[in-house]
Amino acid sequence: MIRKTKLLSIAIALLALPLCCGAQVLDQHEVRLGWGDMLFETMAFHPSSTHSYPSGKPTGYAYQENRDYAYTGHIFAEYRYHLLKWLSFGMQADFQGIFWTTEKNFRSKNYDLTLLPNVRFTYLRREWVRMYAGLGSGLLIAWDNERNTEAAHALSVNLLGVQVGKGPWSGSFEINPMISQQGDNIYLLGSRIFSVSVNYTW
């Protein structure tokens, strides 16, 4: 009798296991696509002042060093794996471009690609809203159309993230400044402070 009871218990557990695992897997994976501001870049890279010869030089001579600035904003994509309801790990790729024209009419094109492994802690979970914070550390690769390439460490501090949505689709807003520096070269300093994204989970 005891043996039959044990066999019945094992059979019930084996039948229930796929159901439990299936419920857990439903929201384990997440992909998202987003855009963030370039506040640091617009302050660091902007049209320079017009220079003129001082008094006594030709009055008609004036030139501007750099002009016609353009910015792509931070375009990023990310994959996340939710290990627990409150803990997830992600891999993010962030791309941005800055362009300007020099005094010699050369169109300078500068790009940054940041690869950021990161961890997220979800401290509030409701039916429609989730709030979280996190940290990322990775590599920034910078290059331009003059064949210059540089690399630097990059850090991302997610101070506040709010995800709104029910079901597989949702939207997120984050305060998530990025920092990157190598020696005296500062590539990012509080860049991409604000960002938004569209998310899909399964």
# chains A, B, ... in the order shown; residues from 1 in each chain; ligands from 1
>>> select_by_dssp(residues="region 35-154 of chain A", states="alpha helix (DSSP H)", output="JSON, numbers by chain")
{"A": [39, 40, 41, 42, 43, 44]}
>>> write_last_selection(atoms="all heavy atoms", output="mmCIF file, in the first residue's frame")
data_model
loop_
_atom_site.group_PDB
_atom_site.id
_atom_site.type_symbol
_atom_site.label_atom_id
_atom_site.label_comp_id
_atom_site.auth_asym_id
_atom_site.auth_seq_id
_atom_site.Cartn_x
_atom_site.Cartn_y
_atom_site.Cartn_z
ATOM 1 N N LEU A 39 22.177 64.315 -24.621
ATOM 2 C CA LEU A 39 22.369 65.600 -23.951
ATOM 3 C C LEU A 39 23.846 65.946 -23.801
ATOM 4 O O LEU A 39 24.260 67.073 -24.087
ATOM 5 C CB LEU A 39 21.691 65.559 -22.573
ATOM 6 C CG LEU A 39 21.774 66.849 -21.750
ATOM 7 C CD1 LEU A 39 21.099 67.998 -22.484
ATOM 8 C CD2 LEU A 39 21.135 66.638 -20.375
ATOM 9 N N PHE A 40 24.655 64.969 -23.394
ATOM 10 C CA PHE A 40 26.092 65.224 -23.230
ATOM 11 C C PHE A 40 26.728 65.599 -24.567
ATOM 12 O O PHE A 40 27.512 66.551 -24.665
ATOM 13 C CB PHE A 40 26.790 63.990 -22.648
ATOM 14 C CG PHE A 40 28.288 64.044 -22.762
ATOM 15 C CD1 PHE A 40 29.033 64.879 -21.947
ATOM 16 C CD2 PHE A 40 28.953 63.280 -23.715
ATOM 17 C CE1 PHE A 40 30.420 64.949 -22.068
ATOM 18 C CE2 PHE A 40 30.336 63.333 -23.835
ATOM 19 C CZ PHE A 40 31.067 64.169 -23.005
ATOM 20 N N GLU A 41 26.390 64.837 -25.604
ATOM 21 C CA GLU A 41 27.006 65.082 -26.910
ATOM 22 C C GLU A 41 26.626 66.444 -27.481
ATOM 23 O O GLU A 41 27.459 67.118 -28.087
ATOM 24 C CB GLU A 41 26.604 63.971 -27.888
ATOM 25 C CG GLU A 41 27.226 62.622 -27.585
ATOM 26 C CD GLU A 41 26.486 61.852 -26.497
ATOM 27 O OE1 GLU A 41 25.500 62.393 -25.952
ATOM 28 O OE2 GLU A 41 26.893 60.726 -26.194
ATOM 29 N N THR A 42 25.379 66.859 -27.284
ATOM 30 C CA THR A 42 24.968 68.163 -27.821
ATOM 31 C C THR A 42 25.632 69.308 -27.064
ATOM 32 O O THR A 42 25.810 70.399 -27.616
ATOM 33 C CB THR A 42 23.438 68.321 -27.763
ATOM 34 O OG1 THR A 42 22.981 68.103 -26.427
ATOM 35 C CG2 THR A 42 22.753 67.334 -28.688
ATOM 36 N N MET A 43 26.023 69.074 -25.804
ATOM 37 C CA MET A 43 26.733 70.110 -25.051
ATOM 38 C C MET A 43 28.233 70.094 -25.373
ATOM 39 O O MET A 43 28.878 71.134 -25.430
ATOM 40 C CB MET A 43 26.529 69.912 -23.544
ATOM 41 C CG MET A 43 25.108 70.175 -23.086
ATOM 42 S SD MET A 43 24.935 70.290 -21.289
ATOM 43 C CE MET A 43 25.762 68.812 -20.734
ATOM 44 N N ALA A 44 28.784 68.889 -25.593
ATOM 45 C CA ALA A 44 30.220 68.777 -25.864
ATOM 46 C C ALA A 44 30.566 69.066 -27.316
ATOM 47 O O ALA A 44 31.650 69.577 -27.610
ATOM 48 C CB ALA A 44 30.703 67.380 -25.486
#
>>> closest_residue(among="A:Leu189, A:Leu140, A:Ala133, A:Met178", to="Ala152 (chain A)", atoms="only C-alpha atoms")
A:Leu140
>>> atom_distance(atom1="CA of Thr122 (chain A)", atom2="CA of Gln181 (chain A)")
28.7 Å
>>> closest_residue(among="A:His74, A:Arg147, A:Lys166, A:His153", to="Ser180 (chain A)", atoms="only C-alpha atoms")
A:His153
>>> closest_residue(among="A:Ser197, A:Gln182, A:Thr72, A:Asn158", to="Tyr132 (chain A)", atoms="only C-alpha atoms")
A:Asn158
>>> atom_distance(atom1="CA of Val31 (chain A)", atom2="CA of Ala77 (chain A)")
7.5 Å
>>> select_by_dssp(residues="region 22-164 of chain A", states="strand (DSSP E)", output="MDAnalysis selection string")
chainID A and resid 29:36 50:52 62:64 67:71 74:82 87:101 107:125 129:144 149:164
>>> atom_distance(atom1="CA of Asp68 (chain A)", atom2="CA of Asn110 (chain A)")
13.7 Å
>>> residues_around(residues="Arg130 (chain A)", least_positions_apart="4", cutoff="8 Å", atoms="only C-alpha atoms", output="NGL selection string")
:A and (122-126 or 162-164)
>>> residues_around(residues="Thr114 (chain A)", least_positions_apart="4", cutoff="8 Å", atoms="only C-alpha atoms", output="JSON, numbers by chain")
{"A": [92, 93, 94, 95, 138, 139, 140, 141, 154]}
>>> write_last_selection(atoms="all heavy atoms", output="CSV table (one decimal), in the first residue's frame")
chain,number,residue,atom,x,y,z
A,92,GLN,N,23.1,44.4,-23.9
A,92,GLN,CA,22.6,45.6,-24.6
A,92,GLN,C,23.7,46.1,-25.6
A,92,GLN,O,24.9,46.1,-25.3
A,92,GLN,CB,22.2,46.7,-23.7
A,92,GLN,CG,21.6,47.9,-24.4
A,92,GLN,CD,21.2,48.9,-23.4
A,92,GLN,OE1,21.7,50.0,-23.4
A,92,GLN,NE2,20.2,48.6,-22.5
A,93,ALA,N,23.3,46.5,-26.8
A,93,ALA,CA,24.1,47.1,-27.8
A,93,ALA,C,23.5,48.5,-28.0
A,93,ALA,O,22.4,48.6,-28.4
A,93,ALA,CB,24.2,46.3,-29.1
A,94,ASP,N,24.3,49.5,-27.8
A,94,ASP,CA,23.9,50.9,-28.0
A,94,ASP,C,24.8,51.6,-29.1
A,94,ASP,O,26.0,51.5,-29.0
A,94,ASP,CB,24.1,51.7,-26.6
A,94,ASP,CG,23.7,53.1,-26.7
A,94,ASP,OD1,24.5,53.9,-27.2
A,94,ASP,OD2,22.6,53.5,-26.3
A,95,PHE,N,24.1,52.2,-30.0
A,95,PHE,CA,24.8,52.9,-31.1
A,95,PHE,C,24.4,54.3,-31.2
A,95,PHE,O,23.2,54.7,-31.0
A,95,PHE,CB,24.4,52.2,-32.4
A,95,PHE,CG,25.0,52.9,-33.6
A,95,PHE,CD1,26.3,52.6,-34.1
A,95,PHE,CD2,24.2,53.8,-34.4
A,95,PHE,CE1,26.8,53.3,-35.2
A,95,PHE,CE2,24.7,54.4,-35.5
A,95,PHE,CZ,26.0,54.2,-35.9
A,138,GLY,N,30.7,47.5,-19.5
A,138,GLY,CA,31.1,46.8,-20.7
A,138,GLY,C,32.1,47.6,-21.5
A,138,GLY,O,33.0,48.3,-20.9
A,139,LEU,N,32.0,47.6,-22.8
A,139,LEU,CA,33.0,48.2,-23.7
A,139,LEU,C,32.4,49.1,-24.7
A,139,LEU,O,31.4,48.9,-25.3
A,139,LEU,CB,33.7,47.0,-24.4
A,139,LEU,CG,34.8,47.4,-25.5
A,139,LEU,CD1,36.0,48.0,-24.8
A,139,LEU,CD2,35.1,46.2,-26.3
A,140,LEU,N,33.1,50.3,-24.8
A,140,LEU,CA,32.7,51.3,-25.9
A,140,LEU,C,33.8,51.2,-27.0
A,140,LEU,O,35.0,51.3,-26.7
A,140,LEU,CB,32.6,52.7,-25.3
A,140,LEU,CG,32.3,53.8,-26.3
A,140,LEU,CD1,31.3,54.8,-25.8
A,140,LEU,CD2,33.5,54.5,-26.8
A,141,ILE,N,33.4,51.2,-28.2
A,141,ILE,CA,34.3,51.2,-29.4
A,141,ILE,C,33.9,52.5,-30.2
A,141,ILE,O,32.7,52.6,-30.6
A,141,ILE,CB,34.1,50.0,-30.3
A,141,ILE,CG1,34.4,48.7,-29.4
A,141,ILE,CG2,35.1,50.1,-31.4
A,141,ILE,CD1,34.1,47.4,-30.1
A,154,ALA,N,33.0,51.2,-20.4
A,154,ALA,CA,31.7,52.0,-20.3
A,154,ALA,C,30.9,51.4,-19.1
A,154,ALA,O,31.0,50.3,-18.8
A,154,ALA,CB,30.9,51.8,-21.5
>>> closest_residue(among="A:Ser88, A:Thr102, A:Ser108, A:Gln28", to="Asn145 (chain A)", atoms="only C-alpha atoms")
A:Ser108
>>> residues_around(residues="Tyr111 (chain A)", least_positions_apart="2", cutoff="9 Å", atoms="only C-alpha atoms", output="ChimeraX atom specification")
/A:95-99,109,113,141-145
